[in-house]
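Only one structure is covered here, and it is reproduced in the block below.
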Amino acid sequence: MFIGPPGSGKTMLASRIPTVLPPLEFDEALEVTKIYSVAGLLNGESLKVWRPFRSPHHTISHPGLVGGGAYPRPGEVSLAHRGVLFLDELPEFKKHVLEVLRQPLEDGQVTISRAAMSLTYPADVMLVAAMNPCPCGYLGDNKHACACSAHQVGQYRSRISGPLLDRIDLHVEVPAVAYQDLRQSGKGADSASMRSRILAARVVQARRYAGLPVRTNADLSGKLLDEHCAPGAQGQEFLGRAVNSLGLSARAYTRILRIARTIADLEGAEHIGVPQLAEAVNYRTMDRNSL
Ligand SMILES: [Zn+2]
């Protein structure tokens, strides 16, 4: 979830995500190709080799997003399978449309039931969303004054339900950056080096989860989560304090463990410690309500 004023580059950042993800495995490419074939969107390609990036407008209907019709066609959530589903201006989406996303996000697939038939399409996506910090967009901006009341800000934020927010791992504030600063900084990682770090972390995970029904840290739950995301005694104490002071949900707690595992993997660290946990907690901005 990117939170920032208009023009801060949220959409540009989101659209670049597929370029730092590992390439599609052959079986994944087949899955994606099948979905586009069913939807009649293959456009003459024989095999989809790039991770999809789908960016439906906030006026999209429920069937448009999850699929539907007399002979159910895949919706955007399936067209984004193995890739990125980007929802820009998240609070502008109709509430009931966002609610229907919860199940596919949980299960990685979507079932469309009709009187005559019931069809299941894959829908394993990375959900990326963007929103302004407030209705006018300029809360916290040092160049523009925000025209919203605290009540308006609260109402705007509450349009996104807690359960949906819980399912989004990383909440990242994206401040407005002056073009000049952007040109001059030259710091930060480029896509190629980012991609190679991500690939290396994926190799670590593939080794760790060999023979298990788990591909990445995001798939961990139950016993496997306990086993591979053990925070250690100090980490446990840190987490206890964070949960109490921030009022984190059980779901958010689980996410923090998985995120910390991924941060450790990106750093080449074998164990999760307080630094990784602290960084992971930092990505729960919306839980902290500290914007
Ligand atoms: Zn405002």
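Residue numbers start at 1 in each chain; chains themselves are named A, B, ... in the order of the structure tokens; ligands are numbered from 1 in the order shown.
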Any residue with an atom at most 9 Å from ligand 1 counts, using only C-alpha atoms and all ligand atoms. Which are they? Put them as a short mmCIF file (atom, residue, chain, number, x, y, z; two decimals) with C-alpha atoms, in the first residue's frame.
```cif
data_model
loop_
_atom_site.label_atom_id
_atom_site.label_comp_id
_atom_site.auth_asym_id
_atom_site.auth_seq_id
_atom_site.Cartn_x
_atom_site.Cartn_y
_atom_site.Cartn_z
CA ASN A 132 -3.82 9.73 -0.84
CA PRO A 133 -3.22 10.48 2.85
CA CYS A 134 -6.50 12.46 2.95
CA PRO A 135 -9.34 13.48 0.57
CA CYS A 136 -7.51 16.56 -0.78
CA GLY A 137 -4.25 14.63 -0.93
CA TYR A 138 -1.92 17.05 0.82
CA LEU A 139 -1.92 16.01 4.48
CA GLY A 140 1.70 16.12 5.64
CA ALA A 145 -1.83 23.11 2.70
CA CYS A 146 -4.29 20.32 3.50
CA ALA A 147 -7.91 21.48 3.41
CA CYS A 148 -9.42 18.49 5.24
CA SER A 149 -10.86 18.30 8.73
CA ALA A 150 -9.80 15.49 11.07
CA GLN A 152 -12.96 13.99 6.85
CA VAL A 153 -9.57 12.27 7.10
#
```
May I have the residues within 7 Å of A:Thr111 as an NGL selection string, using only C-alpha atoms and disregarding those fewer than 5 positions away in the same chain? :A and (118-121)
Using N, CA and C atoms, can you write the selected residues to a file as a tab-separated table (two decimals), in the first residue's frame?
```
chain	number	residue	atom	x	y	z
A	118	SER	N	-20.29	-24.12	-11.83
A	118	SER	CA	-19.43	-23.40	-10.92
A	118	SER	C	-18.01	-23.53	-11.44
A	119	LEU	N	-17.32	-22.42	-11.56
A	119	LEU	CA	-15.98	-22.44	-12.16
A	119	LEU	C	-14.97	-21.83	-11.19
A	120	THR	N	-13.79	-22.43	-11.14
A	120	THR	CA	-12.75	-21.87	-10.29
A	120	THR	C	-11.58	-21.43	-11.17
A	121	TYR	N	-11.18	-20.17	-10.99
A	121	TYR	CA	-10.02	-19.65	-11.71
A	121	TYR	C	-8.91	-19.33	-10.71
```
Taking only C-alpha atoms into account, which of A:Asn43, A:Ile35, A:Glu106, A:Arg215 comes nearest A:Ser78?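 Looking only at the distances to A:Ser78, the closest residue turns out to be A:Ile35.
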Go through A:Ala230, A:Ala278, A:Glu76, A:Val203 one by one, measure the shortest atom-to-atom distance of each to A:Asp265 using only C-alpha atoms, and give the residue with the smallest value. A:Val203
Excluding A:Glu279 and residues on its chain fewer than 4 positions from it, collect all residues at most 9 Å away from it, counting only C-alpha atoms, and give them as a list in words.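 Listed by chain and then number, they are Ile259, Ala260, Ile263, Val274, Pro275 and Tyr283 of chain A.
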DSSP on the backbone, alpha helix (DSSP H) only: what residues of stretch 121-187 of chain A does that give? Format it as a ChimeraX atom specification. /A:150-158,162-166,179-185
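Candidate residues A:Ala269, A:Leu65, A:Ala200, A:Val281 were compared for distance to A:Tyr253, and the nearest is A:Val281, using only C-alpha atoms.
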Using only C-alpha atoms, find the one residue out of A:Met117, A:Val49, A:Leu164, A:Leu248 that sits nearest to A:Pro104. A:Leu164
Identify, on the basis of only C-alpha atoms, every residue whose closest approach to A:Leu165 does not exceed 10 Å; exclude the query and any residue fewer than 2 positions from it along the same chain; express the result as a PyMOL selection string. chain A and resi 1+160-163+167-171+252+284+286-287
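Between atom CA of A:Glu89 and atom CA of A:Ser15 the interatomic distance comes to 14.4 Å.
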Could you state the separation of atom CA of A:Asp88 and atom CA of A:Ala129 in Å, given to one decimal place?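 Distance reported for this atom pair: 5.6 Å.
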Quick one: everything within 9 Å of A:Asp107, counting only C-alpha atoms, minus sequence neighbours fewer than 3 positions away in the same chain. Send it as a PDB file with C-alpha atoms, in the first residue's frame.
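Output file selection-v1.pdb follows:
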```
ATOM      1  CA  ARG A 102     -10.950 -10.854   0.423  1.00  0.00           C
ATOM      2  CA  GLN A 103     -11.610 -14.501  -0.430  1.00  0.00           C
ATOM      3  CA  PRO A 104      -9.401 -14.679  -3.542  1.00  0.00           C
ATOM      4  CA  VAL A 110     -11.776 -17.495  -7.087  1.00  0.00           C
ATOM      5  CA  ALA A 123      -6.091 -15.693  -8.597  1.00  0.00           C
ATOM      6  CA  ASP A 124      -2.719 -15.703  -6.864  1.00  0.00           C
TER       7      ASP A 124
END
```
Extract, using only C-alpha atoms, all DNA, RNA and protein residues at most 10 Å from A:Leu127, discarding same-chain residues fewer than 4 positions from it, and format them as a list in words.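 Returned residues: Met1, Ala14, Arg54, Val77, Ala80, Gly83, Val84, Leu85, Phe86, Leu87, Leu101, Leu105, Arg167, Ile168 and Asp169 of chain A.
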Would you mind exporting C-alpha atoms of the selected residues as a PDB file, in the first residue's frame?
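So the final result, stored in part-v3.pdb, reads:
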```pdb
ATOM      1  CA  MET A   1       0.000   0.000   0.000  1.00  0.00           C
ATOM      2  CA  ALA A  14       3.606   0.053  -8.699  1.00  0.00           C
ATOM      3  CA  ARG A  54      -3.417  -5.170 -14.151  1.00  0.00           C
ATOM      4  CA  VAL A  77      -7.971 -10.684 -10.150  1.00  0.00           C
ATOM      5  CA  ALA A  80      -3.325 -10.592 -12.659  1.00  0.00           C
ATOM      6  CA  GLY A  83       1.579 -10.878 -11.241  1.00  0.00           C
ATOM      7  CA  VAL A  84       0.432  -7.570  -9.800  1.00  0.00           C
ATOM      8  CA  LEU A  85      -3.125  -6.338  -9.286  1.00  0.00           C
ATOM      9  CA  PHE A  86      -2.867  -2.580  -8.771  1.00  0.00           C
ATOM     10  CA  LEU A  87      -5.786  -0.678  -7.276  1.00  0.00           C
ATOM     11  CA  LEU A 101     -11.538  -9.498  -3.060  1.00  0.00           C
ATOM     12  CA  LEU A 105      -6.614 -12.896  -1.662  1.00  0.00           C
ATOM     13  CA  ARG A 167      -4.145  -8.581   4.270  1.00  0.00           C
ATOM     14  CA  ILE A 168      -1.758  -5.969   2.885  1.00  0.00           C
ATOM     15  CA  ASP A 169       1.763  -6.680   4.164  1.00  0.00           C
TER      16      ASP A 169
END
```
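The residue set within 12 Å of A:Met12, counting only C-alpha atoms and dropping same-chain residues fewer than 3 places from it, reads Phe2, Pro6, Gly7, Ser8, Gly9, Ser15, Arg16, Ile17, Pro18, Thr19, Phe53, Ser55, Phe86, Asp88, Val128, Ala130 and Val174 of chain A.
Residues of stretch 59-289 of chain A carrying a DSSP assignment of strand (DSSP E), computed from the backbone, are Gly67, Gly68, Arg73, Pro74, Val84, Leu85, Phe86, Leu87, Gln109, Val110, Thr111, Ile112, Ser113, Ser118, Leu119, Thr120, Tyr121, Pro122, Met126, Leu127, Val128, Ala129, Ala130, Met131, Val172 and Glu173 of chain A.
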